[in-house]
>>> print(open('structure.cif').read())   # mmCIF, C-alpha atoms
data_start
loop_
_atom_site.group_PDB
_atom_site.id
_atom_site.type_symbol
_atom_site.label_atom_id
_atom_site.label_comp_id
_atom_site.auth_asym_id
_atom_site.auth_seq_id
_atom_site.Cartn_x
_atom_site.Cartn_y
_atom_site.Cartn_z
ATOM 1 C CA MET A 1 -84.091 89.525 251.309
ATOM 2 C CA ILE A 2 -80.540 88.685 250.334
ATOM 3 C CA ARG A 3 -79.957 87.841 246.704
ATOM 4 C CA SER A 4 -77.256 85.382 245.854
ATOM 5 C CA SER A 5 -74.526 87.081 243.834
ATOM 6 C CA SER A 6 -73.552 83.744 242.328
ATOM 7 C CA SER A 7 -76.881 83.152 240.580
ATOM 8 C CA LEU A 8 -76.617 82.180 236.931
ATOM 9 C CA PRO A 9 -77.756 84.461 234.102
ATOM 10 C CA PRO A 10 -81.512 84.089 233.609
ATOM 11 C CA VAL A 11 -82.620 81.237 231.397
ATOM 12 C CA GLU A 12 -86.196 81.459 230.220
ATOM 13 C CA ALA A 13 -87.290 78.059 231.451
ATOM 14 C CA ASN A 14 -88.109 76.137 234.550
ATOM 15 C CA GLU A 15 -85.522 73.520 233.659
ATOM 16 C CA PRO A 16 -82.753 72.460 236.028
ATOM 17 C CA SER A 17 -79.624 74.432 235.143
ATOM 18 C CA LEU A 18 -77.600 71.255 234.577
ATOM 19 C CA GLU A 19 -80.030 70.054 231.912
ATOM 20 C CA VAL A 20 -80.109 73.500 230.305
ATOM 21 C CA SER A 21 -76.324 73.728 230.228
ATOM 22 C CA GLU A 22 -76.026 70.419 228.400
ATOM 23 C CA VAL A 23 -77.255 71.627 224.995
ATOM 24 C CA ILE A 24 -78.481 75.171 225.712
ATOM 25 C CA SER A 25 -76.018 77.390 227.533
ATOM 26 C CA ALA A 26 -76.283 80.906 228.922
ATOM 27 C CA ALA A 27 -72.521 80.862 229.528
ATOM 28 C CA PRO A 28 -69.856 81.157 226.796
ATOM 29 C CA LEU A 29 -69.346 77.867 224.967
ATOM 30 C CA ASP A 30 -66.182 75.998 225.950
ATOM 31 C CA ILE A 31 -65.177 74.877 222.458
ATOM 32 C CA VAL A 32 -61.837 73.427 223.493
ATOM 33 C CA GLY A 33 -63.367 71.595 226.460
ATOM 34 C CA LEU A 34 -66.118 70.115 224.295
ATOM 35 C CA LEU A 35 -63.569 69.014 221.707
ATOM 36 C CA SER A 36 -61.373 67.448 224.390
ATOM 37 C CA GLY A 37 -64.329 65.337 225.476
ATOM 38 C CA ALA A 38 -65.052 64.124 221.955
ATOM 39 C CA HIS A 39 -61.990 61.913 221.412
ATOM 40 C CA HIS A 40 -62.779 58.225 221.083
ATOM 41 C CA PRO A 41 -60.530 55.235 220.423
ATOM 42 C CA ALA A 42 -62.707 54.081 217.493
ATOM 43 C CA ALA A 43 -62.936 57.549 215.922
ATOM 44 C CA GLY A 44 -60.479 58.378 213.171
ATOM 45 C CA ALA A 45 -62.121 61.723 212.460
ATOM 46 C CA ILE A 46 -63.630 64.528 214.482
ATOM 47 C CA VAL A 47 -65.365 67.477 212.803
ATOM 48 C CA LEU A 48 -66.120 70.608 214.815
ATOM 49 C CA PHE A 49 -68.400 73.341 213.479
ATOM 50 C CA SER A 50 -68.704 76.643 215.287
ATOM 51 C CA GLY A 51 -71.338 79.162 214.212
ATOM 52 C CA GLU A 52 -69.863 82.561 215.043
ATOM 53 C CA VAL A 53 -71.235 86.052 215.516
ATOM 54 C CA ARG A 54 -70.344 88.080 212.413
ATOM 55 C CA GLU A 55 -69.758 91.836 212.440
ATOM 56 C CA HIS A 56 -71.980 92.402 209.407
ATOM 57 C CA ASN A 57 -75.162 90.972 207.900
ATOM 58 C CA LYS A 58 -76.773 91.929 204.598
ATOM 59 C CA GLY A 59 -74.676 95.089 204.425
ATOM 60 C CA ARG A 60 -75.478 96.245 207.939
ATOM 61 C CA GLU A 61 -72.979 96.632 210.752
ATOM 62 C CA VAL A 62 -73.913 94.316 213.620
ATOM 63 C CA ALA A 63 -73.120 95.443 217.183
ATOM 64 C CA TYR A 64 -74.143 92.247 218.992
ATOM 65 C CA LEU A 65 -76.706 89.444 218.933
ATOM 66 C CA GLU A 66 -79.186 88.046 221.379
ATOM 67 C CA TYR A 67 -80.441 84.486 221.213
ATOM 68 C CA GLU A 68 -83.643 83.315 222.818
ATOM 69 C CA ALA A 69 -84.815 79.719 223.115
ATOM 70 C CA TYR A 70 -87.834 77.816 224.279
ATOM 71 C CA PRO A 71 -85.728 75.356 226.292
ATOM 72 C CA PRO A 72 -88.294 72.630 227.107
ATOM 73 C CA MET A 73 -88.676 71.847 223.404
ATOM 74 C CA ALA A 74 -85.273 73.025 222.162
ATOM 75 C CA ILE A 75 -83.398 70.693 224.522
ATOM 76 C CA ARG A 76 -85.502 67.679 223.597
ATOM 77 C CA MET A 77 -85.298 68.393 219.855
ATOM 78 C CA ILE A 78 -81.509 68.813 219.866
ATOM 79 C CA HIS A 79 -81.168 65.503 221.727
ATOM 80 C CA GLU A 80 -83.423 63.829 219.138
ATOM 81 C CA ILE A 81 -81.448 65.296 216.222
ATOM 82 C CA LEU A 82 -78.175 64.097 217.769
ATOM 83 C CA ALA A 83 -79.601 60.622 218.424
ATOM 84 C CA ASP A 84 -80.864 60.371 214.823
ATOM 85 C CA ALA A 85 -77.431 61.350 213.484
ATOM 86 C CA ARG A 86 -75.598 58.915 215.772
ATOM 87 C CA GLU A 87 -77.754 56.106 214.469
ATOM 88 C CA LYS A 88 -77.766 57.111 210.784
ATOM 89 C CA TRP A 89 -73.989 57.586 210.477
ATOM 90 C CA GLY A 90 -72.844 55.209 213.255
ATOM 91 C CA LEU A 91 -71.061 58.020 215.075
ATOM 92 C CA GLN A 92 -68.975 57.559 218.190
ATOM 93 C CA HIS A 93 -70.000 61.027 219.366
ATOM 94 C CA ALA A 94 -72.531 63.668 218.353
ATOM 95 C CA ILE A 95 -72.439 66.780 220.515
ATOM 96 C CA ALA A 96 -74.189 70.124 220.129
ATOM 97 C CA GLN A 97 -74.440 73.148 222.335
ATOM 98 C CA HIS A 98 -76.277 76.400 221.550
ATOM 99 C CA ARG A 99 -75.714 79.650 223.369
ATOM 100 C CA ILE A 100 -78.520 81.948 224.504
ATOM 101 C CA GLY A 101 -78.447 85.519 225.782
ATOM 102 C CA ARG A 102 -76.299 88.379 224.546
ATOM 103 C CA LEU A 103 -73.305 87.514 222.348
ATOM 104 C CA ALA A 104 -70.458 89.745 221.200
ATOM 105 C CA ILE A 105 -68.866 89.720 217.745
ATOM 106 C CA GLY A 106 -66.558 86.721 217.356
ATOM 107 C CA GLU A 107 -68.247 84.608 220.025
ATOM 108 C CA SER A 108 -69.489 81.133 219.243
ATOM 109 C CA ALA A 109 -73.278 80.848 219.066
ATOM 110 C CA VAL A 110 -73.440 77.118 218.377
ATOM 111 C CA VAL A 111 -71.004 74.225 218.341
ATOM 112 C CA VAL A 112 -71.546 70.837 216.693
ATOM 113 C CA ILE A 113 -68.988 68.049 217.081
ATOM 114 C CA THR A 114 -69.155 64.696 215.327
ATOM 115 C CA ALA A 115 -66.757 61.801 215.789
ATOM 116 C CA SER A 116 -66.708 58.796 213.496
ATOM 117 C CA SER A 117 -64.427 56.101 212.144
ATOM 118 C CA HIS A 118 -63.807 58.056 208.926
ATOM 119 C CA ARG A 119 -64.056 61.716 207.925
ATOM 120 C CA ARG A 120 -66.858 61.375 205.394
ATOM 121 C CA GLU A 121 -69.433 60.377 208.002
ATOM 122 C CA ALA A 122 -68.193 63.009 210.465
ATOM 123 C CA TYR A 123 -68.517 65.793 207.851
ATOM 124 C CA GLU A 124 -71.904 64.670 206.539
ATOM 125 C CA ALA A 125 -73.418 64.142 209.960
ATOM 126 C CA ASN A 126 -72.107 67.474 211.220
ATOM 127 C CA ARG A 127 -73.670 69.338 208.292
ATOM 128 C CA HIS A 128 -76.952 67.482 208.775
ATOM 129 C CA ILE A 129 -77.081 68.312 212.497
ATOM 130 C CA ILE A 130 -76.410 72.051 212.103
ATOM 131 C CA ASP A 131 -78.899 72.331 209.228
ATOM 132 C CA ARG A 132 -81.641 70.705 211.294
ATOM 133 C CA ILE A 133 -80.861 72.829 214.351
ATOM 134 C CA LYS A 134 -81.062 76.022 212.258
ATOM 135 C CA HIS A 135 -84.363 75.053 210.605
ATOM 136 C CA GLU A 136 -86.263 73.173 213.286
ATOM 137 C CA VAL A 137 -85.241 73.975 216.843
ATOM 138 C CA PRO A 138 -87.081 76.812 218.657
ATOM 139 C CA ILE A 139 -84.100 79.131 219.019
ATOM 140 C CA TRP A 140 -84.188 82.677 217.665
ATOM 141 C CA LYS A 141 -81.603 85.321 216.890
ATOM 142 C CA CYS A 142 -82.114 89.041 217.276
ATOM 143 C CA GLU A 143 -79.550 91.259 215.546
ATOM 144 C CA TYR A 144 -78.708 94.572 217.150
ATOM 145 C CA TYR A 145 -77.125 96.987 214.702
ATOM 146 C CA ALA A 146 -74.541 99.724 215.163
ATOM 147 C CA ASP A 147 -77.237 102.328 214.360
ATOM 148 C CA GLY A 148 -79.251 101.241 217.421
ATOM 149 C CA SER A 149 -82.005 99.363 215.580
ATOM 150 C CA HIS A 150 -82.690 95.656 215.884
ATOM 151 C CA GLN A 151 -84.313 92.889 213.893
ATOM 152 C CA TRP A 152 -85.347 89.331 214.714
ATOM 153 C CA GLY A 153 -83.651 86.833 212.422
ATOM 154 C CA ASN A 154 -85.672 84.907 209.907
ATOM 155 C CA ASN A 155 -83.262 82.163 208.849
ATOM 156 C CA CYS A 156 -85.876 79.592 208.115
ATOM 157 C CA ASN A 157 -88.188 80.782 205.371
ATOM 158 C CA CYS A 158 -89.081 77.299 204.115
ATOM 159 C CA HIS A 159 -92.805 77.729 204.755
ATOM 160 C CA ALA A 160 -92.878 80.270 201.899
ATOM 161 C CA THR A 161 -91.856 77.466 199.514
ATOM 162 C CA THR A 162 -93.354 74.367 201.160
ATOM 163 C CA GLY A 163 -96.545 76.042 202.399
ATOM 164 C CA ASP A 164 -96.087 74.227 205.704
ATOM 165 C CA ALA A 165 -94.188 75.584 208.728
ATOM 166 C CA ALA A 166 -93.303 71.990 209.613
ATOM 167 C CA LYS A 167 -91.703 71.132 206.230
ATOM 168 C CA HIS A 168 -88.155 72.261 205.551
ATOM 169 C CA ILE A 169 -85.769 72.344 202.623
ATOM 170 C CA TYR A 170 -82.193 71.689 203.680
ATOM 171 C CA GLU A 171 -79.169 73.020 201.800
ATOM 172 C CA MET B 1 -106.569 79.701 227.410
ATOM 173 C CA LYS B 2 -103.043 80.900 228.028
ATOM 174 C CA ILE B 3 -100.841 82.019 225.153
ATOM 175 C CA HIS B 4 -97.047 82.244 225.276
ATOM 176 C CA VAL B 5 -95.191 83.837 222.373
ATOM 177 C CA TYR B 6 -91.514 84.111 221.527
ATOM 178 C CA ALA B 7 -88.997 86.107 219.514
ATOM 179 C CA THR B 8 -90.486 88.383 216.841
ATOM 180 C CA LEU B 9 -94.033 87.670 218.072
ATOM 181 C CA LYS B 10 -93.204 89.696 221.191
ATOM 182 C CA ASP B 11 -93.162 92.755 218.885
ATOM 183 C CA TYR B 12 -96.899 92.101 218.328
ATOM 184 C CA PHE B 13 -98.201 90.566 221.571
ATOM 185 C CA SER B 14 -97.384 90.365 225.261
ATOM 186 C CA SER B 15 -95.055 87.440 225.834
ATOM 187 C CA GLU B 16 -97.716 85.751 227.992
ATOM 188 C CA PHE B 17 -101.406 86.537 228.029
ATOM 189 C CA GLU B 18 -104.805 85.010 228.608
ATOM 190 C CA LEU B 19 -107.136 84.700 225.623
ATOM 191 C CA GLN B 20 -110.683 85.298 226.864
ATOM 192 C CA THR B 21 -112.369 83.730 223.838
ATOM 193 C CA VAL B 22 -112.158 79.969 223.382
ATOM 194 C CA ALA B 23 -110.440 78.881 220.186
ATOM 195 C CA HIS B 24 -111.180 75.277 219.220
ATOM 196 C CA ASN B 25 -108.250 74.798 216.843
ATOM 197 C CA THR B 26 -105.148 76.641 215.625
ATOM 198 C CA ASP B 27 -106.956 78.290 212.681
ATOM 199 C CA GLU B 28 -109.505 79.779 215.080
ATOM 200 C CA LEU B 29 -106.743 80.818 217.428
ATOM 201 C CA LYS B 30 -104.938 82.585 214.568
ATOM 202 C CA ARG B 31 -108.132 84.485 213.701
ATOM 203 C CA HIS B 32 -108.501 85.625 217.322
ATOM 204 C CA LEU B 33 -104.894 86.743 217.429
ATOM 205 C CA VAL B 34 -105.228 88.690 214.183
ATOM 206 C CA GLN B 35 -108.210 90.477 215.745
ATOM 207 C CA ILE B 36 -105.925 91.532 218.595
ATOM 208 C CA ASN B 37 -103.204 92.709 216.192
ATOM 209 C CA ASP B 38 -103.783 92.505 212.441
ATOM 210 C CA GLN B 39 -100.129 93.356 211.767
ATOM 211 C CA ALA B 40 -99.260 89.845 212.981
ATOM 212 C CA GLU B 41 -101.207 87.978 210.279
ATOM 213 C CA GLN B 42 -98.250 87.231 207.995
ATOM 214 C CA ILE B 43 -95.887 86.102 210.733
ATOM 215 C CA LEU B 44 -98.605 83.938 212.341
ATOM 216 C CA ASP B 45 -98.980 82.060 209.033
ATOM 217 C CA SER B 46 -95.330 80.986 209.332
ATOM 218 C CA CYS B 47 -95.578 79.893 212.981
ATOM 219 C CA ARG B 48 -96.021 76.493 214.558
ATOM 220 C CA PHE B 49 -98.133 75.824 217.622
ATOM 221 C CA ALA B 50 -97.397 73.588 220.595
ATOM 222 C CA VAL B 51 -99.320 72.305 223.611
ATOM 223 C CA GLU B 52 -97.599 70.489 226.473
ATOM 224 C CA ASP B 53 -94.334 70.883 224.582
ATOM 225 C CA GLY B 54 -95.475 68.902 221.548
ATOM 226 C CA PHE B 55 -96.287 70.435 218.164
ATOM 227 C CA ILE B 56 -99.974 70.434 217.239
ATOM 228 C CA ASP B 57 -101.759 70.973 213.936
ATOM 229 C CA ASN B 58 -105.223 72.272 213.141
ATOM 230 C CA ASP B 59 -106.784 68.853 213.896
ATOM 231 C CA TYR B 60 -105.847 69.178 217.558
ATOM 232 C CA LYS B 61 -108.884 70.144 219.644
ATOM 233 C CA LEU B 62 -107.804 73.004 221.863
ATOM 234 C CA LYS B 63 -109.200 73.049 225.391
ATOM 235 C CA GLU B 64 -110.000 76.017 227.574
ATOM 236 C CA ASN B 65 -107.211 75.268 230.065
ATOM 237 C CA ASP B 66 -104.511 74.637 227.411
ATOM 238 C CA THR B 67 -101.383 76.737 227.359
ATOM 239 C CA VAL B 68 -100.507 77.285 223.716
ATOM 240 C CA ILE B 69 -96.909 78.044 222.764
ATOM 241 C CA ILE B 70 -96.552 79.923 219.466
ATOM 242 C CA ILE B 71 -93.246 79.267 217.761
ATOM 243 C CA PRO B 72 -91.969 81.504 214.946
ATOM 244 C CA PRO B 73 -89.602 80.073 212.302
ATOM 245 C CA ALA B 74 -86.279 79.091 213.845
ATOM 246 C CA SER B 75 -83.297 81.401 213.398
ATOM 247 C CA GLY B 76 -80.693 79.721 215.569
ATOM 248 C CA GLY B 77 -77.146 78.860 214.554
#
>>> encode(input="structure.cif", output="structure tokens")
Amino acid sequence: MIRSSSSLPPVEANEPSLEVSEVISAAPLDIVGLLSGAHHPAAGAIVLFSGEVREHNKGREVAYLEYEAYPPMAIRMIHEILADAREKWGLQHAIAQHRIGRLAIGESAVVVITASSHRREAYEANRHIIDRIKHEVPIWKCEYYADGSHQWGNNCNCHATTGDAAKHIYE
Amino acid sequence: MKIHVYATLKDYFSSEFELQTVAHNTDELKRHLVQINDQAEQILDSCRFAVEDGFIDNDYKLKENDTVIIIPPASGG
């Protein structure tokens, strides 16, 4: 059996690759390309947030990260979060893309772009979107350290305070 | 019923497995899972459960042919 050499990196879902690539991407995020697509004649402000892979965390030297997602729910939830933000702040654009797979230091793990008439809405909406993605969407980070050990991230610890895994406290 | 787990839960369980005992709700399911691996009790308390890609709570009546997705706290971004 001949295997295609052009097959995409494995994505843990039975989703069409086009749908997966829209908000969940196994390929490096094209920040400049996404930004280029976010201009709008009615938008006086565009805010772009990029969450980047840091070389250290809590005093430990990080070698690389791996992100895993449950795409069937992650894709739908990101679309819902973006739609909510578009409506709440009257945005011209709300775009988000999260990377999965292995990421090197300095790579972008997540990009959020908001375009609105004025900067206030673009900033507020952008912050809201990234906070909800980090707390709610089934995407997980595993940190691999320089000493060879690894640890799954535990960003969202809200259940310890709220007593409910479905209730979150945003910054 | 079929169980699929993700992220840190894969340190405690196979990523996909069949639960031979029937659990009627998420609390029962948690008890069965703790019997399989009691080290997972704390992390399971912080997890959410989903069936057919929608979150469920303990009021949801689990069925024998359900596939239950167990979702640890998010750590994306």
>>> residues_around(input="structure.cif", residues="Lys61 of chain B", least_positions_apart="4", cutoff="9 Å", atoms="only C-alpha atoms", output="list in words")
Ala23, His24, Asn25 and Thr26 of chain B
>>> interface_residues(input="structure.cif", of="chain A", to="chain B", cutoff="9 Å", atoms="all atoms listed in the file", output="JSON, numbers by chain")
{"A": [50, 51, 52, 67, 68, 69, 70, 72, 73, 98, 99, 109, 110, 111, 130, 131, 133, 134, 135, 136, 137, 138, 139, 140, 141, 142, 151, 152, 153, 154, 155, 156, 157, 158, 159, 160, 163, 164, 165, 166]}
>>> residues_around(input="structure.cif", residues="Ala38 of chain A", least_positions_apart="2", cutoff="12 Å", atoms="only C-alpha atoms", output="VMD selection string")
chain A and resid 31 to 36 40 to 48 91 to 96 112 to 116 122
>>> atom_distance(input="structure.cif", atom1="atom CA of Met1 of chain B", atom2="atom CA of Val68 of chain B")
7.5 Å
>>> atom_distance(input="structure.cif", atom1="atom CA of Ile56 of chain B", atom2="atom CA of Leu29 of chain B")
12.4 Å
>>> residues_around(input="structure.cif", residues="Ala63 of chain A", least_positions_apart="5", cutoff="9 Å", atoms="all atoms listed in the file", output="compact mmCIF listing (two decimals) with C-alpha atoms, keeping the file's coordinate frame")
# COMPACT_ATOMS: atom_id res chain seq x y z
CA GLU A 55 -69.76 91.84 212.44
CA HIS A 56 -71.98 92.40 209.41
CA ALA A 104 -70.46 89.74 221.20
CA ILE A 105 -68.87 89.72 217.74
CA GLU A 143 -79.55 91.26 215.55
CA TYR A 144 -78.71 94.57 217.15
CA TYR A 145 -77.12 96.99 214.70
CA ALA A 146 -74.54 99.72 215.16
CA ASP A 147 -77.24 102.33 214.36
CA GLY A 148 -79.25 101.24 217.42
>>> axis_aligned_box(input="structure.cif", around="segment 33-37 of chain B", padding_each_side="3 Å", output="AutoDock Vina command-line options")
--center_x -105.7 --center_y 89.7 --center_z 216.4 --size_x 11.0 --size_y 12.0 --size_z 10.4
>>> atom_distance(input="structure.cif", atom1="atom CA of Arg120 of chain A", atom2="atom CA of Val53 of chain A")
27.0 Å
>>> decode(input="structure.cif", residues="segment 29-136 of chain A", atoms="C-alpha atoms", output="JSON list (two decimals), in the first residue's frame")
[["chain", "number", "residue", "atom", "x", "y", "z"],
["A", 29, "LEU", "CA", -0.45, 29.91, 12.36],
["A", 30, "ASP", "CA", -0.18, 32.48, 9.57],
["A", 31, "ILE", "CA", -0.44, 35.59, 11.76],
["A", 32, "VAL", "CA", 0.27, 38.05, 8.97],
["A", 33, "GLY", "CA", -2.18, 36.33, 6.61],
["A", 34, "LEU", "CA", -4.92, 36.33, 9.24],
["A", 35, "LEU", "CA", -4.29, 40.00, 9.97],
["A", 36, "SER", "CA", -4.37, 40.86, 6.27],
["A", 37, "GLY", "CA", -7.82, 39.31, 6.05],
["A", 38, "ALA", "CA", -9.15, 41.29, 9.01],
["A", 39, "HIS", "CA", -9.19, 44.77, 7.46],
["A", 40, "HIS", "CA", -12.65, 46.24, 7.02],
["A", 41, "PRO", "CA", -13.78, 49.62, 5.71],
["A", 42, "ALA", "CA", -15.91, 50.26, 8.83],
["A", 43, "ALA", "CA", -13.17, 49.21, 11.27],
["A", 44, "GLY", "CA", -11.02, 51.95, 12.74],
["A", 45, "ALA", "CA", -9.21, 49.53, 15.04],
["A", 46, "ILE", "CA", -7.83, 46.03, 14.82],
["A", 47, "VAL", "CA", -6.38, 44.27, 17.87],
["A", 48, "LEU", "CA", -4.30, 41.12, 17.41],
["A", 49, "PHE", "CA", -3.35, 38.91, 20.35],
["A", 50, "SER", "CA", -0.86, 36.10, 19.91],
["A", 51, "GLY", "CA", -0.30, 33.61, 22.73],
["A", 52, "GLU", "CA", 3.31, 32.49, 22.35],
["A", 53, "VAL", "CA", 5.37, 29.56, 23.58],
["A", 54, "ARG", "CA", 7.61, 30.81, 26.39],
["A", 55, "GLU", "CA", 11.02, 29.33, 27.20],
["A", 56, "HIS", "CA", 10.27, 29.14, 30.92],
["A", 57, "ASN", "CA", 7.30, 28.47, 33.20],
["A", 58, "LYS", "CA", 7.24, 28.64, 37.00],
["A", 59, "GLY", "CA", 11.03, 28.60, 37.12],
["A", 60, "ARG", "CA", 11.43, 25.61, 34.84],
["A", 61, "GLU", "CA", 13.12, 25.64, 31.46],
["A", 62, "VAL", "CA", 10.63, 24.62, 28.77],
["A", 63, "ALA", "CA", 11.92, 22.71, 25.73],
["A", 64, "TYR", "CA", 8.68, 22.64, 23.73],
["A", 65, "LEU", "CA", 4.92, 22.31, 24.10],
["A", 66, "GLU", "CA", 2.29, 20.00, 22.73],
["A", 67, "TYR", "CA", -1.34, 21.00, 22.40],
["A", 68, "GLU", "CA", -4.17, 18.53, 22.13],
["A", 69, "ALA", "CA", -7.79, 19.36, 21.36],
["A", 70, "TYR", "CA", -11.11, 17.62, 21.16],
["A", 71, "PRO", "CA", -11.96, 19.21, 17.81],
["A", 72, "PRO", "CA", -15.68, 18.38, 17.47],
["A", 73, "MET", "CA", -16.46, 20.47, 20.55],
["A", 74, "ALA", "CA", -13.51, 22.88, 20.42],
["A", 75, "ILE", "CA", -14.39, 24.07, 16.91],
["A", 76, "ARG", "CA", -18.05, 24.62, 17.76],
["A", 77, "MET", "CA", -17.26, 26.39, 21.05],
["A", 78, "ILE", "CA", -14.74, 28.78, 19.47],
["A", 79, "HIS", "CA", -17.29, 29.67, 16.78],
["A", 80, "GLU", "CA", -19.90, 30.33, 19.49],
["A", 81, "ILE", "CA", -17.50, 32.50, 21.51],
["A", 82, "LEU", "CA", -16.63, 34.52, 18.39],
["A", 83, "ALA", "CA", -20.30, 34.92, 17.47],
["A", 84, "ASP", "CA", -21.15, 36.10, 21.01],
["A", 85, "ALA", "CA", -18.35, 38.68, 20.89],
["A", 86, "ARG", "CA", -19.34, 39.93, 17.43],
["A", 87, "GLU", "CA", -22.84, 40.54, 18.68],
["A", 88, "LYS", "CA", -21.95, 41.99, 22.10],
["A", 89, "TRP", "CA", -19.38, 44.51, 20.81],
["A", 90, "GLY", "CA", -20.73, 45.00, 17.26],
["A", 91, "LEU", "CA", -17.44, 43.85, 15.74],
["A", 92, "GLN", "CA", -16.69, 43.86, 12.04],
["A", 93, "HIS", "CA", -14.47, 40.81, 12.51],
["A", 94, "ALA", "CA", -13.74, 38.30, 15.26],
["A", 95, "ILE", "CA", -11.20, 35.66, 14.29],
["A", 96, "ALA", "CA", -9.46, 33.01, 16.37],
["A", 97, "GLN", "CA", -7.18, 30.16, 15.49],
["A", 98, "HIS", "CA", -5.56, 27.70, 17.91],
["A", 99, "ARG", "CA", -2.62, 25.50, 17.06],
["A", 100, "ILE", "CA", -2.38, 21.83, 18.02],
["A", 101, "GLY", "CA", 0.55, 19.42, 17.94],
["A", 102, "ARG", "CA", 4.15, 20.13, 18.86],
["A", 103, "LEU", "CA", 5.22, 23.78, 19.14],
["A", 104, "ALA", "CA", 8.71, 25.24, 19.49],
["A", 105, "ILE", "CA", 9.68, 28.18, 21.70],
["A", 106, "GLY", "CA", 8.56, 31.46, 20.13],
["A", 107, "GLU", "CA", 5.80, 29.93, 18.01],
["A", 108, "SER", "CA", 2.27, 31.23, 18.21],
["A", 109, "ALA", "CA", -0.14, 28.86, 19.97],
["A", 110, "VAL", "CA", -3.27, 30.97, 19.54],
["A", 111, "VAL", "CA", -4.23, 34.10, 17.65],
["A", 112, "VAL", "CA", -7.28, 36.29, 18.30],
["A", 113, "ILE", "CA", -8.10, 39.22, 16.03],
["A", 114, "THR", "CA", -10.89, 41.71, 16.61],
["A", 115, "ALA", "CA", -11.89, 44.55, 14.31],
["A", 116, "SER", "CA", -14.27, 47.29, 15.36],
["A", 117, "SER", "CA", -15.13, 50.92, 14.71],
["A", 118, "HIS", "CA", -13.10, 52.08, 17.73],
["A", 119, "ARG", "CA", -10.23, 50.62, 19.75],
["A", 120, "ARG", "CA", -12.06, 50.21, 23.04],
["A", 121, "GLU", "CA", -14.42, 47.56, 21.69],
["A", 122, "ALA", "CA", -11.61, 45.79, 19.81],
["A", 123, "TYR", "CA", -9.46, 45.57, 22.98],
["A", 124, "GLU", "CA", -12.30, 44.50, 25.27],
["A", 125, "ALA", "CA", -13.68, 41.91, 22.90],
["A", 126, "ASN", "CA", -10.23, 40.48, 22.21],
["A", 127, "ARG", "CA", -9.54, 40.04, 25.93],
["A", 128, "HIS", "CA", -12.95, 38.46, 26.45],
["A", 129, "ILE", "CA", -12.43, 35.98, 23.59],
["A", 130, "ILE", "CA", -8.98, 34.79, 24.71],
["A", 131, "ASP", "CA", -10.12, 34.47, 28.34],
["A", 132, "ARG", "CA", -13.07, 32.30, 27.34],
["A", 133, "ILE", "CA", -10.96, 30.15, 25.02],
["A", 134, "LYS", "CA", -8.41, 29.54, 27.81],
["A", 135, "HIS", "CA", -11.07, 28.64, 30.40],
["A", 136, "GLU", "CA", -13.76, 26.84, 28.43]]
